[in-house]
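So this block is model-v5.cif, mmCIF, C-alpha atoms and all ligand atoms:
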```cif
data_model
#
loop_
_atom_site.label_atom_id
_atom_site.label_comp_id
_atom_site.auth_asym_id
_atom_site.auth_seq_id
_atom_site.Cartn_x
_atom_site.Cartn_y
_atom_site.Cartn_z
CA MET R 2 170.80 44.97 284.26
CA ALA R 3 170.65 47.26 281.22
CA ASP R 4 173.13 49.60 282.98
CA LEU R 5 175.46 46.70 283.68
CA LEU R 6 175.21 45.49 280.08
CA ARG R 7 176.03 48.96 278.71
CA LEU R 8 179.01 49.19 281.07
CA LEU R 9 180.31 45.74 280.08
CA LEU R 10 180.05 46.60 276.38
CA ARG R 11 182.05 49.76 277.09
CA VAL R 12 184.78 48.09 279.16
CA ALA R 13 185.05 45.23 276.64
CA GLU R 14 185.65 47.87 273.95
CA LYS R 15 188.32 49.50 276.12
CA ALA R 16 189.91 46.05 276.59
CA ALA R 17 189.82 45.56 272.80
CA ASP R 18 191.58 48.95 272.40
CA VAL R 19 194.35 47.80 274.75
CA ALA R 20 194.65 44.51 272.82
CA ARG R 21 194.91 46.43 269.51
CA VAL R 22 197.41 48.97 270.88
CA CYS R 23 199.71 46.15 272.03
CA ARG R 24 199.92 44.92 268.44
CA GLN R 25 199.92 48.33 266.73
CA GLU R 26 202.53 50.26 268.72
CA ALA R 27 206.04 49.05 267.94
CA PRO R 28 207.49 49.31 271.48
CA LEU R 29 204.65 47.17 272.82
CA PHE R 30 204.57 44.79 269.87
CA GLN R 31 208.27 44.00 270.31
CA LEU R 32 207.61 43.02 273.89
CA LEU R 33 204.61 40.95 272.88
CA VAL R 34 206.40 38.79 270.36
CA GLN R 35 209.79 38.60 272.03
CA GLU R 36 211.02 35.09 272.58
CA LYS R 37 212.58 34.29 275.90
CA THR R 38 216.01 33.44 274.61
CA GLY R 39 218.53 33.30 277.41
CA ASP R 40 218.95 33.66 281.13
CA ASP R 41 219.16 37.44 280.89
CA LYS R 42 215.68 37.89 279.50
CA ASN R 43 214.23 35.36 281.86
CA LYS R 44 215.70 37.30 284.76
CA LYS R 45 214.15 40.52 283.56
CA PHE R 46 210.61 39.28 283.29
CA VAL R 47 209.27 36.70 285.65
CA GLN R 48 206.17 36.58 283.51
CA ASP R 49 205.92 37.33 279.81
CA PHE R 50 204.68 40.65 278.55
CA LYS R 51 201.70 38.85 277.04
CA THR R 52 200.65 37.89 280.55
CA LEU R 53 201.04 41.52 281.58
CA ALA R 54 198.83 42.59 278.66
CA ASP R 55 196.22 40.07 279.83
CA VAL R 56 196.45 41.27 283.43
CA VAL R 57 196.19 44.92 282.41
CA ILE R 58 193.06 44.23 280.36
CA GLN R 59 191.52 42.22 283.19
CA GLU R 60 192.28 44.96 285.73
CA VAL R 61 190.74 47.65 283.49
CA ILE R 62 187.52 45.64 283.44
CA ARG R 63 187.64 44.89 287.17
CA HIS R 64 188.36 48.55 288.00
CA ASP R 65 185.61 50.05 285.86
CA VAL R 66 182.94 47.55 286.93
CA GLY R 67 183.90 47.88 290.61
CA ALA R 68 183.75 51.70 290.37
CA GLN R 69 180.16 51.72 289.05
CA PHE R 70 178.89 48.65 290.93
CA PRO R 71 180.67 48.45 294.32
CA GLU R 72 178.36 45.54 295.29
CA MET R 73 180.20 43.42 292.72
CA VAL R 74 183.72 43.97 294.07
CA GLY R 75 184.92 40.61 295.38
CA PHE R 76 182.83 38.77 292.80
CA ILE R 77 184.76 39.81 289.68
CA HIS R 78 187.03 36.91 288.79
CA GLY R 79 189.43 36.39 285.94
CA GLU R 80 191.97 34.09 284.44
CA GLU R 81 194.99 36.03 285.68
CA SER R 82 196.42 36.99 289.03
CA ASN R 83 197.48 40.65 289.22
CA LYS R 84 200.63 40.00 291.29
CA PHE R 85 203.89 40.36 289.41
CA GLU R 86 207.49 40.10 290.44
CA ASN R 87 209.82 42.54 288.72
CA GLY R 88 213.50 42.09 287.84
CA LEU R 89 214.53 43.20 291.35
CA GLY R 90 212.48 40.49 292.99
CA GLU R 91 209.88 42.99 294.23
CA SER R 92 206.26 41.95 294.17
CA VAL R 93 204.07 44.48 292.34
CA THR R 94 200.29 44.41 292.24
CA VAL R 95 199.13 45.66 288.86
CA THR R 96 196.08 47.90 289.24
CA VAL R 97 194.51 50.79 287.41
CA CYS R 98 195.41 53.99 289.30
CA GLY R 99 193.53 57.28 289.59
CA THR R 100 195.49 59.00 286.81
CA GLU R 101 197.23 57.98 283.60
CA GLU R 102 200.60 59.14 284.99
CA GLU R 103 200.26 57.05 288.15
CA THR R 104 199.32 53.97 286.12
CA ALA R 105 202.33 54.57 283.81
CA THR R 106 204.67 54.81 286.81
CA LEU R 107 203.32 51.57 288.27
CA LEU R 108 203.54 49.72 284.93
CA ALA R 109 207.14 50.91 284.44
CA THR R 110 208.11 49.01 287.59
CA VAL R 111 206.98 45.71 286.05
CA LEU R 112 208.23 46.64 282.58
CA ASP R 113 211.77 46.90 283.88
CA GLY R 114 211.83 50.68 283.52
CA ASN R 115 210.56 50.74 279.92
CA HIS R 116 208.76 54.10 280.21
CA THR R 117 207.74 54.29 276.55
CA ALA R 118 205.88 50.98 276.74
CA ALA R 119 204.40 51.88 280.15
CA SER R 120 203.09 55.25 278.91
CA LEU R 121 201.54 53.77 275.77
CA LEU R 122 199.72 51.13 277.81
CA ALA R 123 198.59 53.65 280.43
CA ARG R 124 197.21 55.94 277.71
CA ALA R 125 195.10 53.11 276.24
CA ILE R 126 193.84 52.18 279.71
CA HIS R 127 192.71 55.70 280.58
CA GLN R 128 191.28 56.63 277.18
CA ASP R 129 187.54 56.62 276.64
CA PRO R 130 186.54 53.91 274.16
CA ALA R 131 184.34 54.58 271.13
CA THR R 132 180.63 54.59 271.91
CA ILE R 133 179.05 51.19 271.47
CA ASP R 134 175.65 51.14 269.86
CA ALA R 135 173.51 48.50 271.46
CA ASN R 136 169.78 48.49 271.40
CA THR R 137 169.20 47.78 275.07
CA ASP R 138 166.12 50.02 275.36
CA GLY R 139 163.31 48.39 277.25
CA LEU R 140 165.59 45.65 278.59
CA SER R 141 164.48 45.02 282.13
CA VAL R 142 165.60 42.03 284.20
CA PRO R 143 164.64 41.68 287.87
CA LEU R 144 168.18 41.09 289.15
CA SER R 145 170.42 43.37 291.18
CA PRO R 146 174.24 43.58 290.98
CA SER R 147 174.50 42.14 294.51
CA GLU R 148 173.14 38.83 293.18
CA LEU R 149 175.69 38.57 290.38
CA GLY R 150 179.30 37.56 289.77
CA ILE R 151 181.57 38.03 286.75
CA TRP R 152 184.10 35.88 284.86
CA ILE R 153 186.62 37.66 282.64
CA ASP R 154 188.87 36.17 279.99
CA PRO R 155 190.91 39.21 278.96
CA ILE R 156 192.13 37.57 275.73
CA ASP R 157 191.01 34.10 274.81
CA ALA R 158 193.13 32.27 272.19
CA THR R 159 196.29 34.10 273.27
CA SER R 160 198.40 31.98 270.91
CA GLN R 161 196.45 33.33 267.92
CA TYR R 162 196.76 36.86 269.31
CA ILE R 163 200.55 36.53 269.54
CA GLU R 164 200.94 34.76 266.18
CA GLY R 165 198.78 37.45 264.59
CA ARG R 166 197.88 35.93 261.24
CA GLU R 167 195.44 38.20 259.39
CA GLU R 168 192.47 36.55 257.70
CA VAL R 169 189.72 38.15 255.65
CA LEU R 170 186.52 36.71 257.09
CA GLU R 171 183.96 35.48 254.62
CA GLU R 172 180.31 35.93 255.59
CA GLY R 173 178.80 32.63 256.72
CA HIS R 174 182.14 30.77 256.81
CA LEU R 175 184.16 29.57 259.73
CA SER R 176 187.81 30.60 259.48
CA PRO R 177 189.85 28.14 261.62
CA SER R 178 192.69 30.28 262.92
CA GLY R 179 194.06 33.81 262.93
CA LEU R 180 193.71 37.05 264.85
CA HIS R 181 189.89 36.95 264.65
CA CYS R 182 189.91 33.96 267.06
CA ALA R 183 191.21 36.23 269.86
CA LEU R 184 188.24 37.39 271.95
CA VAL R 185 187.54 39.45 275.06
CA LEU R 186 184.96 37.50 277.08
CA ILE R 187 182.93 38.90 279.99
CA GLY R 188 180.30 36.60 281.48
CA VAL R 189 177.85 37.34 284.31
CA TYR R 190 176.38 34.56 286.46
CA LEU R 191 173.89 34.30 289.28
CA ARG R 192 175.73 33.82 292.59
CA SER R 193 172.98 31.58 294.01
CA THR R 194 172.63 29.04 291.18
CA GLY R 195 175.67 29.67 288.98
CA GLU R 196 173.57 30.06 285.82
CA PRO R 197 175.02 32.39 283.19
CA VAL R 198 172.66 35.33 282.73
CA MET R 199 174.57 37.85 280.62
CA GLY R 200 177.50 37.73 278.23
CA VAL R 201 179.54 40.22 276.25
CA ILE R 202 182.00 39.09 273.57
CA ASN R 203 184.30 41.56 271.85
CA GLN R 204 186.26 40.45 268.80
CA PRO R 205 188.99 43.13 268.59
CA PHE R 206 190.27 42.01 265.17
CA ASN R 207 187.16 41.44 263.06
CA HIS R 208 188.14 43.32 259.91
CA LYS R 209 190.57 45.92 258.63
CA ASP R 210 189.26 49.44 258.10
CA PRO R 211 189.05 49.80 254.28
CA ALA R 212 190.26 53.39 254.64
CA GLY R 213 193.50 52.17 256.23
CA GLY R 214 192.69 53.02 259.84
CA GLY R 215 193.79 49.67 261.26
CA TRP R 216 191.73 46.90 262.82
CA ARG R 217 188.05 47.24 263.63
CA GLY R 218 186.26 45.06 266.15
CA LYS R 219 182.81 43.59 266.52
CA HIS R 220 180.77 42.92 269.62
CA PHE R 221 178.06 40.44 270.55
CA TRP R 222 175.88 40.27 273.66
CA GLY R 223 173.07 38.29 275.20
CA VAL R 224 170.86 38.25 278.29
CA SER R 225 168.99 35.19 279.51
CA PHE R 226 167.00 35.08 282.73
CA GLY R 227 163.47 33.80 283.36
CA ASN R 228 161.45 34.68 280.32
CA VAL R 229 163.82 37.41 279.14
CA ASN R 230 165.96 36.06 276.31
CA VAL R 231 167.61 38.71 274.17
CA CYS R 232 170.65 38.31 271.94
CA SER R 233 172.38 40.71 269.55
CA VAL R 234 172.78 37.81 267.12
CA SER R 235 169.55 36.54 265.59
CA ARG R 236 168.92 32.83 265.77
CA PRO R 237 170.33 31.29 262.61
CA LYS R 238 167.98 29.23 260.46
CA ASP R 239 168.53 25.62 261.45
CA GLY R 240 169.03 22.86 258.93
CA PRO R 241 167.54 19.41 259.48
CA ALA R 242 167.67 18.62 263.20
CA GLY R 243 169.99 15.82 264.32
CA GLY R 244 172.08 13.30 262.40
CA ARG R 245 173.40 14.08 258.91
CA GLY R 246 173.33 17.70 258.04
CA LEU R 247 174.61 18.44 261.54
CA SER R 248 177.90 20.36 261.60
CA ALA R 249 180.43 20.30 264.42
CA VAL R 250 183.53 22.27 265.38
CA LEU R 251 186.34 20.68 267.39
CA SER R 252 189.78 21.50 268.70
CA SER R 253 192.45 20.12 266.39
CA SER R 254 193.85 18.29 269.42
CA GLU R 255 190.56 16.42 270.00
CA LYS R 256 190.71 12.65 270.62
CA GLN R 257 190.69 10.40 267.56
CA VAL R 258 187.61 8.49 268.74
CA VAL R 259 185.59 11.73 268.90
CA LYS R 260 186.81 12.82 265.46
CA GLU R 261 185.86 9.41 263.98
CA THR R 262 182.46 9.22 265.67
CA LEU R 263 181.53 12.71 264.53
CA THR R 264 182.80 12.08 261.01
CA SER R 265 180.36 9.16 260.78
CA LEU R 266 177.54 11.21 262.30
CA CYS R 267 177.99 14.48 260.43
CA GLY R 268 179.92 13.47 257.32
CA PRO R 269 183.51 14.60 256.68
CA ASP R 270 182.52 17.95 255.12
CA LYS R 271 180.58 19.00 258.18
CA LEU R 272 183.37 18.48 260.68
CA MET R 273 185.50 21.58 261.21
CA TYR R 274 188.41 22.62 263.40
CA ALA R 275 189.11 26.03 264.93
CA SER R 276 191.29 27.69 267.57
CA GLY R 277 190.03 29.26 270.76
CA ALA R 278 187.42 27.87 273.08
CA GLY R 279 185.46 31.16 273.03
CA TYR R 280 185.71 31.41 269.24
CA LYS R 281 184.34 27.87 268.80
CA ILE R 282 181.30 28.71 270.96
CA LEU R 283 180.90 31.96 268.99
CA CYS R 284 180.79 29.84 265.80
CA VAL R 285 177.84 27.93 267.29
CA ILE R 286 176.14 31.22 268.28
CA GLN R 287 176.55 32.55 264.73
CA GLY R 288 175.36 29.31 263.12
CA LEU R 289 178.75 28.63 261.48
CA ALA R 290 178.63 25.25 263.26
CA ASP R 291 175.74 23.52 265.05
CA VAL R 292 177.73 22.12 267.96
CA TYR R 293 181.15 22.40 269.60
CA VAL R 294 182.25 19.16 271.25
CA LEU R 295 185.22 18.96 273.63
CA SER R 296 186.08 15.74 275.46
CA GLU R 297 188.89 17.18 277.60
CA GLY R 298 188.73 19.35 280.71
CA SER R 299 190.90 21.98 279.02
CA THR R 300 188.53 24.95 279.20
CA PHE R 301 187.74 27.11 282.22
CA LYS R 302 184.80 29.06 283.60
CA TRP R 303 186.23 32.27 282.09
CA ASP R 304 186.27 30.65 278.62
CA SER R 305 182.65 29.55 278.57
CA CYS R 306 180.58 31.86 280.82
CA ALA R 307 180.03 34.76 278.39
CA PRO R 308 179.29 32.78 275.20
CA HIS R 309 177.16 30.33 277.24
CA ALA R 310 174.81 33.21 278.18
CA LEU R 311 174.38 34.13 274.48
CA LEU R 312 173.59 30.51 273.58
CA ARG R 313 170.97 30.32 276.33
CA ALA R 314 169.36 33.49 275.02
CA LEU R 315 169.09 31.70 271.64
CA GLY R 316 167.46 28.61 273.20
CA GLY R 317 170.63 26.51 273.41
CA GLY R 318 173.27 26.01 276.06
CA VAL R 319 176.53 24.37 277.11
CA VAL R 320 176.45 21.02 278.95
CA ASP R 321 179.08 18.97 280.76
CA LEU R 322 179.86 16.14 278.32
CA THR R 323 180.77 13.51 280.93
CA ARG R 324 177.58 14.12 282.94
CA SER R 325 175.44 14.12 279.80
CA LEU R 326 176.90 10.76 278.76
CA GLN R 327 175.96 9.35 282.15
CA SER R 328 172.39 10.61 282.10
CA SER R 329 169.71 8.21 281.00
CA SER R 330 167.26 10.58 279.35
CA ALA R 331 167.34 13.63 277.10
CA ALA R 332 165.51 15.64 279.78
CA GLN R 333 168.42 15.05 282.12
CA ASN R 334 170.82 16.68 279.67
CA HIS R 335 169.53 20.03 280.89
CA GLN R 336 170.62 19.22 284.40
CA ALA R 337 174.15 18.90 283.03
CA GLU R 338 174.29 22.61 282.00
CA LEU R 339 177.57 24.16 283.16
CA THR R 340 177.38 26.43 286.20
CA TYR R 341 179.81 29.12 287.31
CA HIS R 342 179.59 29.61 291.07
CA GLN R 343 181.33 26.60 292.62
CA PRO R 344 184.91 25.42 292.35
CA TYR R 345 185.85 21.80 291.83
CA ILE R 346 187.22 21.18 295.32
CA GLU R 347 189.30 18.16 294.45
CA ALA R 348 191.56 20.22 292.19
CA LYS R 349 194.13 22.92 292.94
CA GLY R 350 194.84 26.40 291.54
CA ALA R 351 193.28 27.33 288.21
CA ASP R 352 192.10 23.73 287.74
CA ARG R 353 189.48 24.33 290.43
CA TRP R 354 187.65 26.37 287.80
CA ALA R 355 188.12 24.01 284.85
CA ASN R 356 185.14 22.57 283.00
CA HIS R 357 186.42 19.14 284.00
CA GLY R 358 183.97 16.92 282.19
CA GLY R 359 184.51 18.48 278.76
CA LEU R 360 181.51 20.16 277.10
CA VAL R 361 179.02 20.36 274.27
CA ALA R 362 177.84 23.79 273.13
CA TYR R 363 174.60 23.67 271.12
CA ARG R 364 171.70 25.79 269.86
CA ASP R 365 169.21 23.01 269.42
CA CYS R 366 168.35 20.34 272.02
CA SER R 367 167.64 17.63 269.45
CA GLN R 368 171.11 18.15 267.96
CA LEU R 369 172.62 17.87 271.45
CA CYS R 370 170.77 14.54 271.86
CA SER R 371 172.19 13.21 268.56
CA ILE R 372 175.72 14.05 269.72
CA ILE R 373 175.23 12.43 273.14
CA SER R 374 173.72 9.24 271.66
CA ALA R 375 176.54 8.97 269.12
CA LEU R 376 179.25 9.35 271.79
CA LYS R 377 177.67 7.08 274.42
CA GLY R 378 179.95 4.17 275.26
CA LYS R 379 182.82 5.63 273.21
CA LEU R 380 184.58 7.72 275.89
C1 LIG V 401 192.61 28.77 275.71
C2 LIG V 401 192.35 28.99 274.25
C3 LIG V 401 192.75 27.75 273.51
C4 LIG V 401 191.85 26.59 273.89
C5 LIG V 401 191.88 26.42 275.39
C6 LIG V 401 191.62 27.72 276.18
O1 LIG V 401 192.51 29.98 276.40
O2 LIG V 401 191.02 29.28 273.98
O3 LIG V 401 192.72 28.01 272.15
O4 LIG V 401 192.31 25.43 273.23
O5 LIG V 401 190.91 25.49 275.76
O6 LIG V 401 191.71 27.53 277.54
P1 LIG V 401 191.81 25.02 271.75
O7 LIG V 401 192.11 26.13 270.80
O8 LIG V 401 192.57 23.75 271.45
O9 LIG V 401 190.35 24.78 271.91
P2 LIG V 401 193.77 31.06 276.53
O10 LIG V 401 194.25 31.36 275.17
O11 LIG V 401 193.09 32.23 277.20
O12 LIG V 401 194.78 30.37 277.39
CA CA V 402 190.92 31.42 277.64
#
```

Show how you would write the structure in this file as structure tokens.
Amino acid sequence: MADLLRLLLRVAEKAADVARVCRQEAPLFQLLVQEKTGDDKNKKFVQDFKTLADVVIQEVIRHDVGAQFPEMVGFIHGEESNKFENGLGESVTVTVCGTEEETATLLATVLDGNHTAASLLARAIHQDPATIDANTDGLSVPLSPSELGIWIDPIDATSQYIEGREEVLEEGHLSPSGLHCALVLIGVYLRSTGEPVMGVINQPFNHKDPAGGGWRGKHFWGVSFGNVNVCSVSRPKDGPAGGRGLSAVLSSSEKQVVKETLTSLCGPDKLMYASGAGYKILCVIQGLADVYVLSEGSTFKWDSCAPHALLRALGGGVVDLTRSLQSSSAAQNHQAELTYHQPYIEAKGADRWANHGGLVAYRDCSQLCSIISALKGKL
């Protein structure tokens, strides 16, 4: 497991490099922010370049993990499909090839012959990322790769990534929107039970290098299985448990009834809004908010798996809101923890992997109970 963790930290850093390159290199940036204006452009790209950037990042992760852990091939899932149709109506499968040149040639076929953009992307894909320092010494978990599966969200909060507003983050404060909300999320779950056991989060745009060297990232990780619970973030000091003093983060598009109920429970100053499902769970991990409540089924397994593992390592978790509201006792809330191994068979396509019942992400069980009691009968 320590080997897998080190590899995931490395590939997440490579993914962050690709995400940064797409914003830093002009030929790629132009493609990233281009608006689909008329029929001509729509004909050229069946999918947007931003989707290609997502797919490329996902394939880098899938390729590198599959190369070191062949037992995991077939169990590495992501948000995107790697099939593209180019301007000539040909179907192209985007993969990472053996050499940088081969990858550039393949990417040029989906980039409508834009060799400059294809070469820049291929270079970032094949470059070794900076070494990630993570104190994983002594980490030993009795699990083998053949028991595990992976969920990848190559870039969560894509809209913030494209919009690209730069914020200076203030220690201990939640900043609602901007480039820092864009995250690379890699979650590992147990194939047999679906419980999240390891998570790596890379925030490619954490701060600007003071010496002018562009954006610098930050990474977070956690492992939770049996009695091993290790997280790179230390457990924040909790305020008074439950009720007033409790702070919550929501999506700005959250239902009015949830906003009103939580305003009464937490007080108006303790209710915050932020972009990105992954970023909101990261806020709970970091103690910038106590809970993240979402009443809609608008997140997916790839959004929650990685940060869920970190929360578990800190003694918290992520539950299905609908199921928690139906349960009669606090003890049953635990049975509503989200799992990652089974699709929702009544749905189709990506919706099969949605967190249909909404969710609550929390660090402290008593705070989860306060939220569930307050929302009972309201939804
Ligand atoms: C999105 C992204 C959105 C979020 C949505 C996710 O993933 O995190 O920001 O909505 O649930 O699925 P909101 O910000 O309102 O919480 P992606 O950007 O990868 O599509
Ligand atoms: Ca996402």

Hey, which residues come within 8 Å of ligand CA 402 (chain V) if we count all atoms listed in the file? Could you give them as a compact mmCIF listing (two decimals) with C-alpha atoms, in the coordinates of the input?
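Once written, result_0.txt looks like this:
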```txt
# COMPACT_ATOMS: atom_id res chain seq x y z
CA GLU R 80 191.97 34.09 284.44
CA ASP R 154 188.87 36.17 279.99
CA PRO R 155 190.91 39.21 278.96
CA ILE R 156 192.13 37.57 275.73
CA ASP R 157 191.01 34.10 274.81
CA ALA R 158 193.13 32.27 272.19
CA THR R 159 196.29 34.10 273.27
CA GLY R 277 190.03 29.26 270.76
CA ALA R 278 187.42 27.87 273.08
CA GLY R 279 185.46 31.16 273.03
CA THR R 300 188.53 24.95 279.20
CA PHE R 301 187.74 27.11 282.22
CA TRP R 303 186.23 32.27 282.09
CA ASP R 304 186.27 30.65 278.62
```

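Our summary of the geometry notes that atom CA of R:Leu140 is positioned 19.4 Å from atom CA of R:Val12.
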
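From atom CA of R:Arg353 back to atom CA of R:Ile282, the distance works out to 21.6 Å.
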
Report the closest atom pair, with its distance in Å rounded to one decimal, for each residue of chain R that has an atom no farther than 10 Å from ligand LIG 401 (chain V); count only C-alpha atoms and all ligand atoms, sort by chain and then rising residue number, and write it as JSON lines.
```
{"residue": "R:Asp55", "atom": "CA", "partner": "V:LIG401", "partner_atom": "O11", "distance": 8.8}
{"residue": "R:Glu80", "atom": "CA", "partner": "V:LIG401", "partner_atom": "O11", "distance": 7.6}
{"residue": "R:Glu81", "atom": "CA", "partner": "V:LIG401", "partner_atom": "O11", "distance": 9.5}
{"residue": "R:Asp154", "atom": "CA", "partner": "V:LIG401", "partner_atom": "O11", "distance": 6.4}
{"residue": "R:Pro155", "atom": "CA", "partner": "V:LIG401", "partner_atom": "O11", "distance": 7.5}
{"residue": "R:Ile156", "atom": "CA", "partner": "V:LIG401", "partner_atom": "O11", "distance": 5.6}
{"residue": "R:Asp157", "atom": "CA", "partner": "V:LIG401", "partner_atom": "O11", "distance": 3.7}
{"residue": "R:Ala158", "atom": "CA", "partner": "V:LIG401", "partner_atom": "O10", "distance": 3.3}
{"residue": "R:Thr159", "atom": "CA", "partner": "V:LIG401", "partner_atom": "O10", "distance": 3.9}
{"residue": "R:Ser160", "atom": "CA", "partner": "V:LIG401", "partner_atom": "O10", "distance": 6.0}
{"residue": "R:Gln161", "atom": "CA", "partner": "V:LIG401", "partner_atom": "O3", "distance": 7.8}
{"residue": "R:Tyr162", "atom": "CA", "partner": "V:LIG401", "partner_atom": "O10", "distance": 8.4}
{"residue": "R:Ile163", "atom": "CA", "partner": "V:LIG401", "partner_atom": "O10", "distance": 9.9}
{"residue": "R:Pro177", "atom": "CA", "partner": "V:LIG401", "partner_atom": "O7", "distance": 9.7}
{"residue": "R:Ser178", "atom": "CA", "partner": "V:LIG401", "partner_atom": "O7", "distance": 8.9}
{"residue": "R:Cys182", "atom": "CA", "partner": "V:LIG401", "partner_atom": "O3", "distance": 8.3}
{"residue": "R:Ala183", "atom": "CA", "partner": "V:LIG401", "partner_atom": "O10", "distance": 7.8}
{"residue": "R:Leu184", "atom": "CA", "partner": "V:LIG401", "partner_atom": "O2", "distance": 8.8}
{"residue": "R:Val185", "atom": "CA", "partner": "V:LIG401", "partner_atom": "O11", "distance": 9.4}
{"residue": "R:Leu186", "atom": "CA", "partner": "V:LIG401", "partner_atom": "O11", "distance": 9.7}
{"residue": "R:Val250", "atom": "CA", "partner": "V:LIG401", "partner_atom": "O9", "distance": 9.8}
{"residue": "R:Leu251", "atom": "CA", "partner": "V:LIG401", "partner_atom": "O9", "distance": 7.3}
{"residue": "R:Ser252", "atom": "CA", "partner": "V:LIG401", "partner_atom": "O8", "distance": 4.5}
{"residue": "R:Ser253", "atom": "CA", "partner": "V:LIG401", "partner_atom": "O8", "distance": 6.2}
{"residue": "R:Ser254", "atom": "CA", "partner": "V:LIG401", "partner_atom": "O8", "distance": 6.0}
{"residue": "R:Glu255", "atom": "CA", "partner": "V:LIG401", "partner_atom": "O8", "distance": 7.7}
{"residue": "R:Tyr274", "atom": "CA", "partner": "V:LIG401", "partner_atom": "O7", "distance": 9.0}
{"residue": "R:Ala275", "atom": "CA", "partner": "V:LIG401", "partner_atom": "O7", "distance": 6.6}
{"residue": "R:Ser276", "atom": "CA", "partner": "V:LIG401", "partner_atom": "O7", "distance": 3.7}
{"residue": "R:Gly277", "atom": "CA", "partner": "V:LIG401", "partner_atom": "O3", "distance": 3.3}
{"residue": "R:Ala278", "atom": "CA", "partner": "V:LIG401", "partner_atom": "O2", "distance": 4.0}
{"residue": "R:Gly279", "atom": "CA", "partner": "V:LIG401", "partner_atom": "O2", "distance": 5.9}
{"residue": "R:Tyr280", "atom": "CA", "partner": "V:LIG401", "partner_atom": "O2", "distance": 7.4}
{"residue": "R:Lys281", "atom": "CA", "partner": "V:LIG401", "partner_atom": "O9", "distance": 7.4}
{"residue": "R:Ile282", "atom": "CA", "partner": "V:LIG401", "partner_atom": "O9", "distance": 9.9}
{"residue": "R:Tyr293", "atom": "CA", "partner": "V:LIG401", "partner_atom": "O9", "distance": 9.8}
{"residue": "R:Val294", "atom": "CA", "partner": "V:LIG401", "partner_atom": "O9", "distance": 9.9}
{"residue": "R:Leu295", "atom": "CA", "partner": "V:LIG401", "partner_atom": "O9", "distance": 7.9}
{"residue": "R:Glu297", "atom": "CA", "partner": "V:LIG401", "partner_atom": "O5", "distance": 8.7}
{"residue": "R:Gly298", "atom": "CA", "partner": "V:LIG401", "partner_atom": "O5", "distance": 8.2}
{"residue": "R:Ser299", "atom": "CA", "partner": "V:LIG401", "partner_atom": "O5", "distance": 4.8}
{"residue": "R:Thr300", "atom": "CA", "partner": "V:LIG401", "partner_atom": "O5", "distance": 4.2}
{"residue": "R:Phe301", "atom": "CA", "partner": "V:LIG401", "partner_atom": "O6", "distance": 6.2}
{"residue": "R:Lys302", "atom": "CA", "partner": "V:LIG401", "partner_atom": "O6", "distance": 9.3}
{"residue": "R:Trp303", "atom": "CA", "partner": "V:LIG401", "partner_atom": "O11", "distance": 8.4}
{"residue": "R:Asp304", "atom": "CA", "partner": "V:LIG401", "partner_atom": "O6", "distance": 6.4}
{"residue": "R:Ser305", "atom": "CA", "partner": "V:LIG401", "partner_atom": "O6", "distance": 9.3}
{"residue": "R:Ala355", "atom": "CA", "partner": "V:LIG401", "partner_atom": "O6", "distance": 8.9}
{"residue": "R:Asn356", "atom": "CA", "partner": "V:LIG401", "partner_atom": "O5", "distance": 9.7}
{"residue": "R:Gly359", "atom": "CA", "partner": "V:LIG401", "partner_atom": "O5", "distance": 10.0}
```

(request) Excluding R:Ser225 and residues on its chain fewer than 5 positions from it, collect all residues at most 6 Å away from it, counting only C-alpha atoms, and give them as a ChimeraX atom specification. (result) /R:198,230,314
